[in-house]
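Student: One file: model.cif (mmCIF, C-alpha atoms).
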data_start
loop_
_atom_site.group_PDB
_atom_site.id
_atom_site.type_symbol
_atom_site.label_atom_id
_atom_site.label_comp_id
_atom_site.auth_asym_id
_atom_site.auth_seq_id
_atom_site.Cartn_x
_atom_site.Cartn_y
_atom_site.Cartn_z
ATOM 1 C CA MET A 53 66.904 67.031 84.171
ATOM 2 C CA THR A 54 65.867 64.383 86.658
ATOM 3 C CA ASN A 55 64.791 65.306 90.157
ATOM 4 C CA GLN A 56 68.109 64.011 91.501
ATOM 5 C CA GLN A 57 70.039 66.207 89.041
ATOM 6 C CA ILE A 58 67.955 69.221 90.061
ATOM 7 C CA ILE A 59 68.637 68.520 93.729
ATOM 8 C CA ALA A 60 72.348 68.012 93.009
ATOM 9 C CA ALA A 61 72.525 71.355 91.186
ATOM 10 C CA THR A 62 70.721 73.026 94.085
ATOM 11 C CA GLN A 63 73.067 71.428 96.612
ATOM 12 C CA ALA A 64 76.051 72.569 94.533
ATOM 13 C CA TRP A 65 74.694 76.140 94.610
ATOM 14 C CA LEU A 66 74.199 75.892 98.352
ATOM 15 C CA LYS A 67 77.754 74.614 98.929
ATOM 16 C CA THR A 68 79.669 76.674 96.377
ATOM 17 C CA PHE A 69 77.876 79.950 96.900
ATOM 18 C CA VAL A 70 75.609 80.224 99.940
ATOM 19 C CA ILE A 71 77.955 78.349 102.290
ATOM 20 C CA ALA A 72 81.313 79.050 100.638
ATOM 21 C CA TYR A 73 80.704 82.808 100.677
ATOM 22 C CA ASN A 74 78.779 82.762 103.967
ATOM 23 C CA ILE A 75 75.735 84.357 102.313
ATOM 24 C CA CYS A 76 73.612 82.740 105.004
ATOM 25 C CA PRO A 77 75.717 82.228 108.126
ATOM 26 C CA PHE A 78 73.220 79.634 109.357
ATOM 27 C CA ALA A 79 73.226 77.343 106.293
ATOM 28 C CA ARG A 80 76.491 75.485 106.950
ATOM 29 C CA ARG A 81 75.272 74.007 110.212
ATOM 30 C CA GLU A 82 72.059 72.645 108.703
ATOM 31 C CA HIS A 83 73.863 71.341 105.638
ATOM 32 C CA GLU A 84 76.391 69.503 107.809
ATOM 33 C CA LYS A 85 73.589 68.115 109.997
ATOM 34 C CA ASP A 86 71.803 66.943 106.823
ATOM 35 C CA SER A 87 68.638 68.620 108.100
ATOM 36 C CA ILE A 88 67.720 70.352 104.828
ATOM 37 C CA ARG A 89 64.957 68.714 102.818
ATOM 38 C CA TYR A 90 64.932 69.192 99.039
ATOM 39 C CA GLN A 91 61.606 68.770 97.260
ATOM 40 C CA VAL A 92 61.245 69.114 93.499
ATOM 41 C CA ILE A 93 57.831 70.342 92.378
ATOM 42 C CA SER A 94 57.278 69.406 88.748
ATOM 43 C CA SER A 95 53.740 70.689 88.436
ATOM 44 C CA THR A 96 53.112 73.869 86.488
ATOM 45 C CA SER A 97 49.836 74.440 88.309
ATOM 46 C CA ILE A 98 49.768 77.196 90.903
ATOM 47 C CA GLU A 99 47.211 75.178 92.865
ATOM 48 C CA HIS A 100 49.486 72.132 93.061
ATOM 49 C CA SER A 101 52.418 74.362 93.947
ATOM 50 C CA LEU A 102 50.469 75.929 96.798
ATOM 51 C CA GLU A 103 49.389 72.479 97.970
ATOM 52 C CA ALA A 104 53.081 71.536 98.025
ATOM 53 C CA VAL A 105 53.830 74.506 100.296
ATOM 54 C CA ILE A 106 51.175 73.426 102.811
ATOM 55 C CA ASP A 107 52.164 69.755 102.494
ATOM 56 C CA GLU A 108 55.682 70.802 103.393
ATOM 57 C CA CYS A 109 54.451 72.735 106.424
ATOM 58 C CA VAL A 110 52.658 69.567 107.534
ATOM 59 C CA HIS A 111 55.872 67.580 106.975
ATOM 60 C CA LEU A 112 57.870 70.057 109.066
ATOM 61 C CA ASP A 113 55.195 69.846 111.777
ATOM 62 C CA SER A 114 55.668 66.090 112.028
ATOM 63 C CA GLU A 115 59.429 65.849 111.419
ATOM 64 C CA PRO A 116 61.406 67.971 113.890
ATOM 65 C CA ALA A 117 64.694 66.556 112.519
ATOM 66 C CA THR A 118 63.974 68.388 109.257
ATOM 67 C CA GLU A 119 65.093 71.913 110.008
ATOM 68 C CA THR A 120 64.204 73.554 106.721
ATOM 69 C CA THR A 121 62.938 72.762 103.224
ATOM 70 C CA LEU A 122 63.787 74.014 99.768
ATOM 71 C CA LEU A 123 60.840 73.644 97.383
ATOM 72 C CA ILE A 124 62.393 73.664 93.911
ATOM 73 C CA PHE A 125 60.174 74.456 90.932
ATOM 74 C CA ASN A 126 61.762 72.923 87.862
ATOM 75 C CA GLU A 127 59.007 73.521 85.307
ATOM 76 C CA ALA A 128 57.023 76.459 86.618
ATOM 77 C CA PHE A 129 57.570 80.087 87.519
ATOM 78 C CA ALA A 130 60.424 80.784 85.125
ATOM 79 C CA ASP A 131 58.982 84.289 84.864
ATOM 80 C CA PHE A 132 60.050 86.238 87.953
ATOM 81 C CA GLU A 133 56.786 88.188 88.180
ATOM 82 C CA ASP A 134 54.785 84.934 88.132
ATOM 83 C CA PHE A 135 57.075 83.632 90.875
ATOM 84 C CA LEU A 136 56.442 86.731 92.990
ATOM 85 C CA ASP A 137 52.705 86.109 92.567
ATOM 86 C CA LEU A 138 53.195 82.553 93.852
ATOM 87 C CA LEU A 139 55.201 83.863 96.811
ATOM 88 C CA ALA A 140 52.515 86.384 97.762
ATOM 89 C CA ILE A 141 49.702 83.835 97.525
ATOM 90 C CA ALA A 142 51.752 81.233 99.434
ATOM 91 C CA GLU A 143 52.404 83.696 102.251
ATOM 92 C CA GLU A 144 48.679 84.506 102.510
ATOM 93 C CA LEU A 145 47.789 80.811 102.377
ATOM 94 C CA MET A 146 50.217 80.026 105.188
ATOM 95 C CA ILE A 147 48.624 82.756 107.305
ATOM 96 C CA GLY A 148 45.170 81.366 106.524
ATOM 97 C CA GLN A 149 46.305 77.862 107.478
ATOM 98 C CA GLY A 150 47.643 79.041 110.840
ATOM 99 C CA TYR A 151 51.342 78.937 110.006
ATOM 100 C CA GLU A 152 52.083 82.620 110.607
ATOM 101 C CA GLY A 153 54.855 82.840 113.194
ATOM 102 C CA ILE A 154 55.677 79.159 112.774
ATOM 103 C CA TYR A 155 57.267 79.091 109.310
ATOM 104 C CA GLN A 156 58.668 81.833 107.127
ATOM 105 C CA LEU A 157 59.183 81.842 103.378
ATOM 106 C CA ALA A 158 62.357 83.057 101.718
ATOM 107 C CA SER A 159 62.539 83.214 97.944
ATOM 108 C CA PHE A 160 65.210 82.512 95.334
ATOM 109 C CA HIS A 161 64.973 82.690 91.558
ATOM 110 C CA PRO A 162 67.346 82.635 88.567
ATOM 111 C CA ASP A 163 66.168 86.158 87.658
ATOM 112 C CA TYR A 164 65.756 87.515 91.171
ATOM 113 C CA ARG A 165 65.715 91.288 91.272
ATOM 114 C CA PHE A 166 65.362 93.449 94.338
ATOM 115 C CA ALA A 167 62.935 96.328 94.020
ATOM 116 C CA GLN A 168 64.647 99.520 92.869
ATOM 117 C CA MET A 169 67.768 97.618 91.765
ATOM 118 C CA PRO A 170 68.859 97.414 88.147
ATOM 119 C CA ALA A 171 68.672 93.892 86.715
ATOM 120 C CA ASN A 172 72.449 93.787 86.284
ATOM 121 C CA ASP A 173 73.284 94.806 89.866
ATOM 122 C CA PRO A 174 75.391 92.016 91.413
ATOM 123 C CA SER A 175 73.461 92.323 94.691
ATOM 124 C CA ASN A 176 70.546 90.495 93.045
ATOM 125 C CA TYR A 177 72.697 87.358 93.094
ATOM 126 C CA THR A 178 72.316 87.068 96.853
ATOM 127 C CA ASN A 179 68.865 85.654 96.008
ATOM 128 C CA ARG A 180 69.577 84.133 92.602
ATOM 129 C CA SER A 181 69.556 80.376 92.348
ATOM 130 C CA PRO A 182 69.652 77.712 89.635
ATOM 131 C CA PHE A 183 65.860 77.211 89.867
ATOM 132 C CA PRO A 184 62.886 79.080 91.318
ATOM 133 C CA MET A 185 62.726 78.097 94.996
ATOM 134 C CA LEU A 186 60.740 78.732 98.119
ATOM 135 C CA HIS A 187 62.626 78.177 101.347
ATOM 136 C CA LEU A 188 60.495 77.209 104.345
ATOM 137 C CA ILE A 189 62.245 78.116 107.573
ATOM 138 C CA ARG A 190 61.197 77.508 111.154
ATOM 139 C CA GLU A 191 60.603 80.901 112.830
ATOM 140 C CA GLU A 192 61.873 79.571 116.153
ATOM 141 C CA SER A 193 65.142 78.545 114.498
ATOM 142 C CA ILE A 194 65.527 81.972 112.900
ATOM 143 C CA GLU A 195 65.071 83.624 116.283
ATOM 144 C CA LYS A 196 67.725 81.391 117.877
ATOM 145 C CA ALA A 197 70.172 81.886 115.016
ATOM 146 C CA VAL A 198 69.724 85.653 114.989
ATOM 147 C CA ALA A 199 70.161 85.832 118.767
ATOM 148 C CA SER A 200 73.459 83.961 118.520
ATOM 149 C CA HIS A 201 74.867 86.028 115.628
ATOM 150 C CA GLN A 202 77.008 89.047 116.464
ATOM 151 C CA ASP A 203 75.551 91.288 113.735
ATOM 152 C CA PRO A 204 72.398 89.867 112.129
ATOM 153 C CA ASP A 205 71.320 93.276 110.829
ATOM 154 C CA GLY A 206 74.627 93.599 108.966
ATOM 155 C CA ILE A 207 74.203 90.375 106.961
ATOM 156 C CA PRO A 208 72.341 91.943 103.995
ATOM 157 C CA GLU A 209 74.791 94.845 103.689
ATOM 158 C CA ARG A 210 77.741 92.473 103.907
ATOM 159 C CA ASN A 211 76.223 90.246 101.210
ATOM 160 C CA ILE A 212 75.554 93.201 98.906
ATOM 161 C CA ALA A 213 79.133 94.419 99.281
ATOM 162 C CA LEU A 214 80.487 90.907 98.681
ATOM 163 C CA ALA A 215 78.329 90.385 95.586
ATOM 164 C CA ARG A 216 79.475 93.679 94.124
ATOM 165 C CA GLN A 217 83.082 92.820 94.907
ATOM 166 C CA LEU A 218 82.766 89.424 93.191
ATOM 167 C CA GLY A 219 81.116 91.018 90.151
ATOM 168 C CA LEU A 220 78.612 89.766 87.600
ATOM 169 C CA GLU A 221 80.972 87.536 85.639
ATOM 170 C CA LYS A 222 82.111 85.590 88.713
ATOM 171 C CA LEU A 223 78.574 85.309 90.080
ATOM 172 C CA ARG A 224 77.189 84.036 86.780
ATOM 173 C CA ALA A 225 80.016 81.497 86.619
ATOM 174 C CA ILE A 226 79.209 80.234 90.123
ATOM 175 C CA VAL A 227 75.527 79.676 89.339
ATOM 176 C CA ASN A 228 76.244 78.182 85.903
ATOM 177 C CA ALA A 229 78.802 75.765 87.387
ATOM 178 C CA CYS A 230 76.094 74.281 89.593
ATOM 179 C CA TYR A 231 74.530 72.635 86.546
ATOM 180 C CA GLN A 232 77.859 70.957 85.758
ATOM 181 C CA GLN A 233 78.156 69.411 89.224
ATOM 182 C CA GLN A 234 75.036 67.354 88.977
#
Can the structure from this file be put into structure tokens for me?
Tutor:
Amino acid sequence: MTNQQIIAATQAWLKTFVIAYNICPFARREHEKDSIRYQVISSTSIEHSLEAVIDECVHLDSEPATETTLLIFNEAFADFEDFLDLLAIAEELMIGQGYEGIYQLASFHPDYRFAQMPANDPSNYTNRSPFPMLHLIREESIEKAVASHQDPDGIPERNIALARQLGLEKLRAIVNACYQQQ
């Protein structure tokens, strides 16, 4: 797939799942404002991937119109455990580079699995995506969004209940359809 096809599949996932089912009640606004940056990282090197995380922090520092970034790994981190290793190192690197409290990382993966959840539990789909992704989010924006939401603590429980209501077959179909929309 080309980078544009990867971005299109990611945008389809965002629109047809995250926004359509209100998985993240804050995503619609940023999508409509076109303030989400999509970056495809083709390197399979963990070093280059970590450099991309810091490069994106620098970009967000200098571009206030970019609210958030999705770093999409199209060739690396297909193994979920390897992806979790990347996430842990990236979080430590961001702290070491002075970005703690400025940006936060959220993670998405085609095989995402919450700790203590069976692999086939539909709730895992709240963080499953077409490609491994790190989502860089401005902490200040999270604080504002949470303060304006009537029940921010209830979002995860609501999403789990929704995912279980939709069921595995429907959730798989949603993610698989994203590849067709590119």
Student: So the first atom is atom CA of A:Glu144 and the second is atom CA of A:Leu186; what is the distance between them in Å, to one decimal place?
Tutor: 14.1 Å
Student: Using only C-alpha atoms, can you tell me which of A:Phe183, A:Phe132, A:Tyr151, A:Phe69 comes closest to A:Tyr164?
Tutor: A:Phe132
Student: I want to know what sits within 9 Å of A:Leu220, based on all atoms listed in the file, with residues of the same chain fewer than 2 positions away left out; could you give that as a PDB file with C-alpha atoms, keeping the file's coordinate frame?
Tutor:
ATOM      1  CA  ASN A 172      72.449  93.787  86.284  1.00  0.00           C
ATOM      2  CA  ASP A 173      73.284  94.806  89.866  1.00  0.00           C
ATOM      3  CA  PRO A 174      75.391  92.016  91.413  1.00  0.00           C
ATOM      4  CA  TYR A 177      72.697  87.358  93.094  1.00  0.00           C
ATOM      5  CA  ALA A 215      78.329  90.385  95.586  1.00  0.00           C
ATOM      6  CA  ARG A 216      79.475  93.679  94.124  1.00  0.00           C
ATOM      7  CA  LEU A 218      82.766  89.424  93.191  1.00  0.00           C
ATOM      8  CA  LYS A 222      82.111  85.590  88.713  1.00  0.00           C
ATOM      9  CA  LEU A 223      78.574  85.309  90.080  1.00  0.00           C
ATOM     10  CA  ARG A 224      77.189  84.036  86.780  1.00  0.00           C
ATOM     11  CA  ALA A 225      80.016  81.497  86.619  1.00  0.00           C
TER      12      ALA A 225
END
Student: Hey, what's within 12 Å of A:Tyr155 if we count all atoms listed in the file and toss same-chain stuff fewer than 3 positions away? As a PDB file with C-alpha atoms, in the coordinates of the input, please?
Tutor:
ATOM      1  CA  VAL A 105      53.830  74.506 100.296  1.00  0.00           C
ATOM      2  CA  ILE A 106      51.175  73.426 102.811  1.00  0.00           C
ATOM      3  CA  GLU A 108      55.682  70.802 103.393  1.00  0.00           C
ATOM      4  CA  CYS A 109      54.451  72.735 106.424  1.00  0.00           C
ATOM      5  CA  VAL A 110      52.658  69.567 107.534  1.00  0.00           C
ATOM      6  CA  HIS A 111      55.872  67.580 106.975  1.00  0.00           C
ATOM      7  CA  LEU A 112      57.870  70.057 109.066  1.00  0.00           C
ATOM      8  CA  ASP A 113      55.195  69.846 111.777  1.00  0.00           C
ATOM      9  CA  GLU A 119      65.093  71.913 110.008  1.00  0.00           C
ATOM     10  CA  THR A 120      64.204  73.554 106.721  1.00  0.00           C
ATOM     11  CA  THR A 121      62.938  72.762 103.224  1.00  0.00           C
ATOM     12  CA  ALA A 142      51.752  81.233  99.434  1.00  0.00           C
ATOM     13  CA  GLU A 143      52.404  83.696 102.251  1.00  0.00           C
ATOM     14  CA  LEU A 145      47.789  80.811 102.377  1.00  0.00           C
ATOM     15  CA  MET A 146      50.217  80.026 105.188  1.00  0.00           C
ATOM     16  CA  ILE A 147      48.624  82.756 107.305  1.00  0.00           C
ATOM     17  CA  GLN A 149      46.305  77.862 107.478  1.00  0.00           C
ATOM     18  CA  GLY A 150      47.643  79.041 110.840  1.00  0.00           C
ATOM     19  CA  TYR A 151      51.342  78.937 110.006  1.00  0.00           C
ATOM     20  CA  GLU A 152      52.083  82.620 110.607  1.00  0.00           C
ATOM     21  CA  ALA A 158      62.357  83.057 101.718  1.00  0.00           C
ATOM     22  CA  LEU A 186      60.740  78.732  98.119  1.00  0.00           C
ATOM     23  CA  HIS A 187      62.626  78.177 101.347  1.00  0.00           C
ATOM     24  CA  LEU A 188      60.495  77.209 104.345  1.00  0.00           C
ATOM     25  CA  ILE A 189      62.245  78.116 107.573  1.00  0.00           C
ATOM     26  CA  ARG A 190      61.197  77.508 111.154  1.00  0.00           C
ATOM     27  CA  GLU A 191      60.603  80.901 112.830  1.00  0.00           C
ATOM     28  CA  GLU A 192      61.873  79.571 116.153  1.00  0.00           C
ATOM     29  CA  SER A 193      65.142  78.545 114.498  1.00  0.00           C
ATOM     30  CA  ILE A 194      65.527  81.972 112.900  1.00  0.00           C
ATOM     31  CA  GLU A 195      65.071  83.624 116.283  1.00  0.00           C
TER      32      GLU A 195
END
Student: Please enumerate the residues selected by the PyMOL selection byres ((chain A and resi 166) around 10) when evaluated against the supplied file, formatted as a PDB file with C-alpha atoms, in the coordinates of the input.
Tutor:
ATOM      1  CA  ASP A 163      66.168  86.158  87.658  1.00  0.00           C
ATOM      2  CA  TYR A 164      65.756  87.515  91.171  1.00  0.00           C
ATOM      3  CA  ARG A 165      65.715  91.288  91.272  1.00  0.00           C
ATOM      4  CA  ALA A 167      62.935  96.328  94.020  1.00  0.00           C
ATOM      5  CA  GLN A 168      64.647  99.520  92.869  1.00  0.00           C
ATOM      6  CA  MET A 169      67.768  97.618  91.765  1.00  0.00           C
ATOM      7  CA  PRO A 170      68.859  97.414  88.147  1.00  0.00           C
ATOM      8  CA  ALA A 171      68.672  93.892  86.715  1.00  0.00           C
ATOM      9  CA  ASP A 173      73.284  94.806  89.866  1.00  0.00           C
ATOM     10  CA  SER A 175      73.461  92.323  94.691  1.00  0.00           C
ATOM     11  CA  ASN A 176      70.546  90.495  93.045  1.00  0.00           C
ATOM     12  CA  TYR A 177      72.697  87.358  93.094  1.00  0.00           C
ATOM     13  CA  THR A 178      72.316  87.068  96.853  1.00  0.00           C
ATOM     14  CA  ASN A 179      68.865  85.654  96.008  1.00  0.00           C
TER      15      ASN A 179
END
Student: Padding 5 Å on every side, please: axis-aligned box over the listed atoms of stretch 78-92 of chain A, centre and edge lengths to one decimal in Å, as AutoDock Vina command-line options.
Tutor:
--center_x 68.9 --center_y 73.3 --center_z 101.9 --size_x 25.2 --size_y 22.7 --size_z 26.7
Student: Could you name the residues that touch stretch 78-89 of chain A at 9 Å or less, counting only C-alpha atoms, but leaving out those on the same chain fewer than 6 positions away, as a PyMOL selection string?
Tutor: chain A and resi 66-67+70-72+117-123+194+197-198
Student: Running the PyMOL selection byres ((chain A and resi 57) around 12) on this model by hand, what would come out? Give it as a JSON list (two decimals) with C-alpha atoms, in the frame of the given file.
Tutor:
[["chain", "number", "residue", "atom", "x", "y", "z"],
["A", 53, "MET", "CA", 66.90, 67.03, 84.17],
["A", 54, "THR", "CA", 65.87, 64.38, 86.66],
["A", 55, "ASN", "CA", 64.79, 65.31, 90.16],
["A", 56, "GLN", "CA", 68.11, 64.01, 91.50],
["A", 58, "ILE", "CA", 67.96, 69.22, 90.06],
["A", 59, "ILE", "CA", 68.64, 68.52, 93.73],
["A", 60, "ALA", "CA", 72.35, 68.01, 93.01],
["A", 61, "ALA", "CA", 72.53, 71.36, 91.19],
["A", 62, "THR", "CA", 70.72, 73.03, 94.08],
["A", 63, "GLN", "CA", 73.07, 71.43, 96.61],
["A", 64, "ALA", "CA", 76.05, 72.57, 94.53],
["A", 90, "TYR", "CA", 64.93, 69.19, 99.04],
["A", 92, "VAL", "CA", 61.24, 69.11, 93.50],
["A", 124, "ILE", "CA", 62.39, 73.66, 93.91],
["A", 126, "ASN", "CA", 61.76, 72.92, 87.86],
["A", 182, "PRO", "CA", 69.65, 77.71, 89.64],
["A", 183, "PHE", "CA", 65.86, 77.21, 89.87],
["A", 230, "CYS", "CA", 76.09, 74.28, 89.59],
["A", 231, "TYR", "CA", 74.53, 72.64, 86.55],
["A", 232, "GLN", "CA", 77.86, 70.96, 85.76],
["A", 233, "GLN", "CA", 78.16, 69.41, 89.22],
["A", 234, "GLN", "CA", 75.04, 67.35, 88.98]]
Student: Please measure the separation of atom CA of A:Ile93 and atom CA of A:Leu136, giving the value in Å to one decimal.
Tutor: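 It comes out at 16.5 Å.
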Student: Just give me the gap between atom CA of A:Ser181 and atom CA of A:Ile98 in Å, one decimal is fine.
Tutor: 20.1 Å
Student: Find the residue from A:Asn211, A:Ser94, A:Asn74, A:Thr68 that sits nearest to A:Ile226; use only C-alpha atoms when measuring.
Tutor: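 Nearest candidate to A:Ile226 out of A:Asn211, A:Ser94, A:Asn74, A:Thr68: A:Thr68.
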Student: Counting all atoms listed in the file, which of A:Phe160, A:Trp65, A:Tyr73, A:Phe129 gets nearest to A:Ser97?
Tutor: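 Closest candidate: A:Phe129.
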